[in-house]
Amino acid sequence: MLLQKSVITIISDNGSDWGTDCMANIYNLGRFREEQKLDAFIWINYAQGYSRFNPIERMFSRLTDLLQGVIIDLDSSFKETSHQLNMALIDLCKY
């Protein structure tokens, strides 16, 4: 904050869809960095087999418990899907 730099950190589980050796992921995340004009982009992967240390695994376990039975009502009065998704995210933040 003191240097006024924009930084994002992504923590992934290094599964097949988030492998660091996948050129599609490298390309898309690099493109994301450029489009968002980020000064730094940090991509952290946990080794397979160490999910007990992975905060993602811990968070989703609790999140899954909280969201069981939750129905997100997409309001059709919004003309754009992005507005519907924004409202859905607001609802999800309650949990």
# chains A, B, ... in the order shown; residues from 1 in each chain; ligands from 1
call {"tool": "select_by_dssp", "arguments": {"residues": "chain A", "states": "alpha helix (DSSP H)", "output": "MDAnalysis selection string"}}
result
chainID A and resid 23:35 55:67 81:93
call {"tool": "write_last_selection", "arguments": {"atoms": "N, CA, C and O atoms", "output": "short mmCIF file (atom, residue, chain, number, x, y, z; two decimals), in the first residue's frame"}}
result
data_model
loop_
_atom_site.label_atom_id
_atom_site.label_comp_id
_atom_site.auth_asym_id
_atom_site.auth_seq_id
_atom_site.Cartn_x
_atom_site.Cartn_y
_atom_site.Cartn_z
N MET A 23 0.56 -24.43 -20.81
CA MET A 23 0.78 -23.18 -21.53
C MET A 23 -0.49 -22.32 -21.61
O MET A 23 -0.41 -21.10 -21.61
N ALA A 24 -1.66 -22.96 -21.67
CA ALA A 24 -2.91 -22.20 -21.71
C ALA A 24 -3.08 -21.38 -20.43
O ALA A 24 -3.49 -20.22 -20.48
N ASN A 25 -2.77 -21.98 -19.27
CA ASN A 25 -2.86 -21.25 -18.01
C ASN A 25 -1.87 -20.10 -17.96
O ASN A 25 -2.22 -18.99 -17.55
N ILE A 26 -0.66 -20.35 -18.38
CA ILE A 26 0.38 -19.31 -18.37
C ILE A 26 -0.04 -18.16 -19.27
O ILE A 26 0.06 -16.99 -18.90
N TYR A 27 -0.52 -18.48 -20.46
CA TYR A 27 -0.95 -17.45 -21.41
C TYR A 27 -2.12 -16.64 -20.85
O TYR A 27 -2.10 -15.41 -20.85
N ASN A 28 -3.16 -17.35 -20.38
CA ASN A 28 -4.36 -16.66 -19.90
C ASN A 28 -4.09 -15.81 -18.66
O ASN A 28 -4.62 -14.71 -18.53
N LEU A 29 -3.28 -16.31 -17.74
CA LEU A 29 -2.97 -15.53 -16.55
C LEU A 29 -2.06 -14.34 -16.89
O LEU A 29 -2.19 -13.27 -16.30
N GLY A 30 -1.16 -14.52 -17.85
CA GLY A 30 -0.34 -13.40 -18.31
C GLY A 30 -1.19 -12.33 -18.98
O GLY A 30 -0.99 -11.13 -18.77
N ARG A 31 -2.14 -12.78 -19.76
CA ARG A 31 -3.06 -11.83 -20.41
C ARG A 31 -3.91 -11.09 -19.37
O ARG A 31 -4.13 -9.89 -19.48
N PHE A 32 -4.37 -11.83 -18.36
CA PHE A 32 -5.13 -11.22 -17.27
C PHE A 32 -4.30 -10.14 -16.59
O PHE A 32 -4.79 -9.06 -16.30
N ARG A 33 -3.02 -10.44 -16.34
CA ARG A 33 -2.13 -9.47 -15.69
C ARG A 33 -2.02 -8.20 -16.53
O ARG A 33 -2.07 -7.09 -16.00
N GLU A 34 -1.87 -8.37 -17.83
CA GLU A 34 -1.75 -7.20 -18.71
C GLU A 34 -3.04 -6.39 -18.76
O GLU A 34 -3.02 -5.17 -18.68
N GLU A 35 -4.17 -7.09 -18.88
CA GLU A 35 -5.46 -6.39 -18.98
C GLU A 35 -5.79 -5.63 -17.71
O GLU A 35 -6.38 -4.55 -17.76
N PRO A 55 -4.84 -24.03 2.12
CA PRO A 55 -5.99 -23.28 2.64
C PRO A 55 -7.21 -23.37 1.73
O PRO A 55 -8.33 -23.21 2.19
N ILE A 56 -7.01 -23.64 0.45
CA ILE A 56 -8.13 -23.77 -0.47
C ILE A 56 -8.99 -24.97 -0.08
O ILE A 56 -10.21 -24.89 0.00
N GLU A 57 -8.32 -26.10 0.17
CA GLU A 57 -9.05 -27.31 0.55
C GLU A 57 -9.82 -27.09 1.85
O GLU A 57 -10.96 -27.51 1.99
N ARG A 58 -9.20 -26.41 2.79
CA ARG A 58 -9.86 -26.17 4.07
C ARG A 58 -11.05 -25.23 3.91
O ARG A 58 -12.09 -25.42 4.51
N MET A 59 -10.89 -24.19 3.10
CA MET A 59 -11.95 -23.22 2.91
C MET A 59 -13.15 -23.86 2.20
O MET A 59 -14.29 -23.66 2.60
N PHE A 60 -12.90 -24.62 1.13
CA PHE A 60 -14.01 -25.18 0.37
C PHE A 60 -14.77 -26.23 1.15
O PHE A 60 -15.97 -26.40 0.94
N SER A 61 -14.11 -26.91 2.05
CA SER A 61 -14.81 -27.86 2.89
C SER A 61 -15.87 -27.15 3.72
O SER A 61 -17.03 -27.56 3.78
N ARG A 62 -15.49 -26.07 4.37
CA ARG A 62 -16.42 -25.30 5.19
C ARG A 62 -17.47 -24.60 4.32
O ARG A 62 -18.65 -24.56 4.65
N LEU A 63 -17.04 -24.06 3.19
CA LEU A 63 -17.96 -23.37 2.29
C LEU A 63 -19.02 -24.33 1.75
O LEU A 63 -20.20 -23.98 1.65
N THR A 64 -18.61 -25.53 1.42
CA THR A 64 -19.57 -26.54 0.94
C THR A 64 -20.62 -26.84 1.99
O THR A 64 -21.81 -26.95 1.69
N ASP A 65 -20.19 -26.95 3.25
CA ASP A 65 -21.15 -27.19 4.33
C ASP A 65 -22.14 -26.04 4.46
O ASP A 65 -23.33 -26.24 4.64
N LEU A 66 -21.63 -24.81 4.36
CA LEU A 66 -22.50 -23.64 4.50
C LEU A 66 -23.50 -23.50 3.36
O LEU A 66 -24.62 -23.03 3.55
N LEU A 67 -23.09 -23.88 2.15
CA LEU A 67 -23.92 -23.64 0.98
C LEU A 67 -24.84 -24.80 0.61
O LEU A 67 -25.58 -24.72 -0.36
N THR A 81 -26.56 -10.52 -18.06
CA THR A 81 -26.17 -11.61 -17.18
C THR A 81 -25.21 -11.12 -16.11
O THR A 81 -25.25 -11.59 -14.98
N SER A 82 -24.37 -10.15 -16.45
CA SER A 82 -23.39 -9.65 -15.47
C SER A 82 -24.10 -9.05 -14.25
O SER A 82 -23.62 -9.19 -13.13
N HIS A 83 -25.23 -8.41 -14.45
CA HIS A 83 -25.98 -7.85 -13.31
C HIS A 83 -26.55 -8.98 -12.45
O HIS A 83 -26.57 -8.88 -11.23
N GLN A 84 -27.02 -10.04 -13.10
CA GLN A 84 -27.53 -11.19 -12.35
C GLN A 84 -26.42 -11.82 -11.52
O GLN A 84 -26.62 -12.15 -10.36
N LEU A 85 -25.23 -11.96 -12.13
CA LEU A 85 -24.11 -12.56 -11.41
C LEU A 85 -23.64 -11.67 -10.26
O LEU A 85 -23.26 -12.18 -9.20
N ASN A 86 -23.68 -10.37 -10.46
CA ASN A 86 -23.31 -9.45 -9.37
C ASN A 86 -24.24 -9.63 -8.17
O ASN A 86 -23.79 -9.66 -7.03
N MET A 87 -25.52 -9.76 -8.43
CA MET A 87 -26.47 -9.95 -7.34
C MET A 87 -26.27 -11.31 -6.67
O MET A 87 -26.39 -11.44 -5.45
N ALA A 88 -25.93 -12.33 -7.47
CA ALA A 88 -25.67 -13.64 -6.91
C ALA A 88 -24.44 -13.60 -5.99
O ALA A 88 -24.43 -14.21 -4.92
N LEU A 89 -23.41 -12.86 -6.39
CA LEU A 89 -22.22 -12.73 -5.55
C LEU A 89 -22.53 -12.00 -4.26
O LEU A 89 -22.00 -12.34 -3.20
N ILE A 90 -23.39 -11.01 -4.34
CA ILE A 90 -23.80 -10.30 -3.11
C ILE A 90 -24.50 -11.27 -2.17
O ILE A 90 -24.25 -11.27 -0.96
N ASP A 91 -25.36 -12.12 -2.72
CA ASP A 91 -26.05 -13.13 -1.89
C ASP A 91 -25.04 -14.11 -1.27
O ASP A 91 -25.15 -14.47 -0.11
N LEU A 92 -24.06 -14.54 -2.08
CA LEU A 92 -23.08 -15.50 -1.58
C LEU A 92 -22.20 -14.91 -0.49
O LEU A 92 -21.74 -15.62 0.39
N CYS A 93 -21.95 -13.61 -0.55
CA CYS A 93 -21.11 -12.96 0.47
C CYS A 93 -21.74 -13.03 1.86
O CYS A 93 -21.04 -12.90 2.87
#
call {"tool": "select_by_dssp", "arguments": {"residues": "region 10-69 of chain A", "states": "strand (DSSP E or B)", "output": "ChimeraX atom specification"}}
result
/A:10-12,40-45
call {"tool": "closest_residue", "arguments": {"among": "A:Lys94, A:Ile44, A:Thr20, A:Asn14", "to": "Ile72 (chain A)", "atoms": "only C-alpha atoms"}}
result
A:Lys94
call {"tool": "closest_residue", "arguments": {"among": "A:Trp43, A:Glu80, A:Asp75, A:Gln68", "to": "Thr9 (chain A)", "atoms": "only C-alpha atoms"}}
result
A:Trp43
call {"tool": "closest_residue", "arguments": {"among": "A:Tyr95, A:Asp13, A:Ser77, A:Ile71", "to": "Tyr46 (chain A)", "atoms": "only C-alpha atoms"}}
result
A:Asp13
call {"tool": "closest_residue", "arguments": {"among": "A:Lys5, A:Ile10, A:Leu74, A:Asp17", "to": "Asn45 (chain A)", "atoms": "only C-alpha atoms"}}
result
A:Ile10
call {"tool": "atom_distance", "arguments": {"atom1": "CA of Val70 (chain A)", "atom2": "CA of Phe53 (chain A)"}}
result
28.0 Å
call {"tool": "atom_distance", "arguments": {"atom1": "CA of Gln4 (chain A)", "atom2": "CA of Ala40 (chain A)"}}
result
11.7 Å
call {"tool": "closest_residue", "arguments": {"among": "A:Lys79, A:Ile42, A:Gly69, A:Ala47", "to": "Ser6 (chain A)", "atoms": "only C-alpha atoms"}}
result
A:Ile42
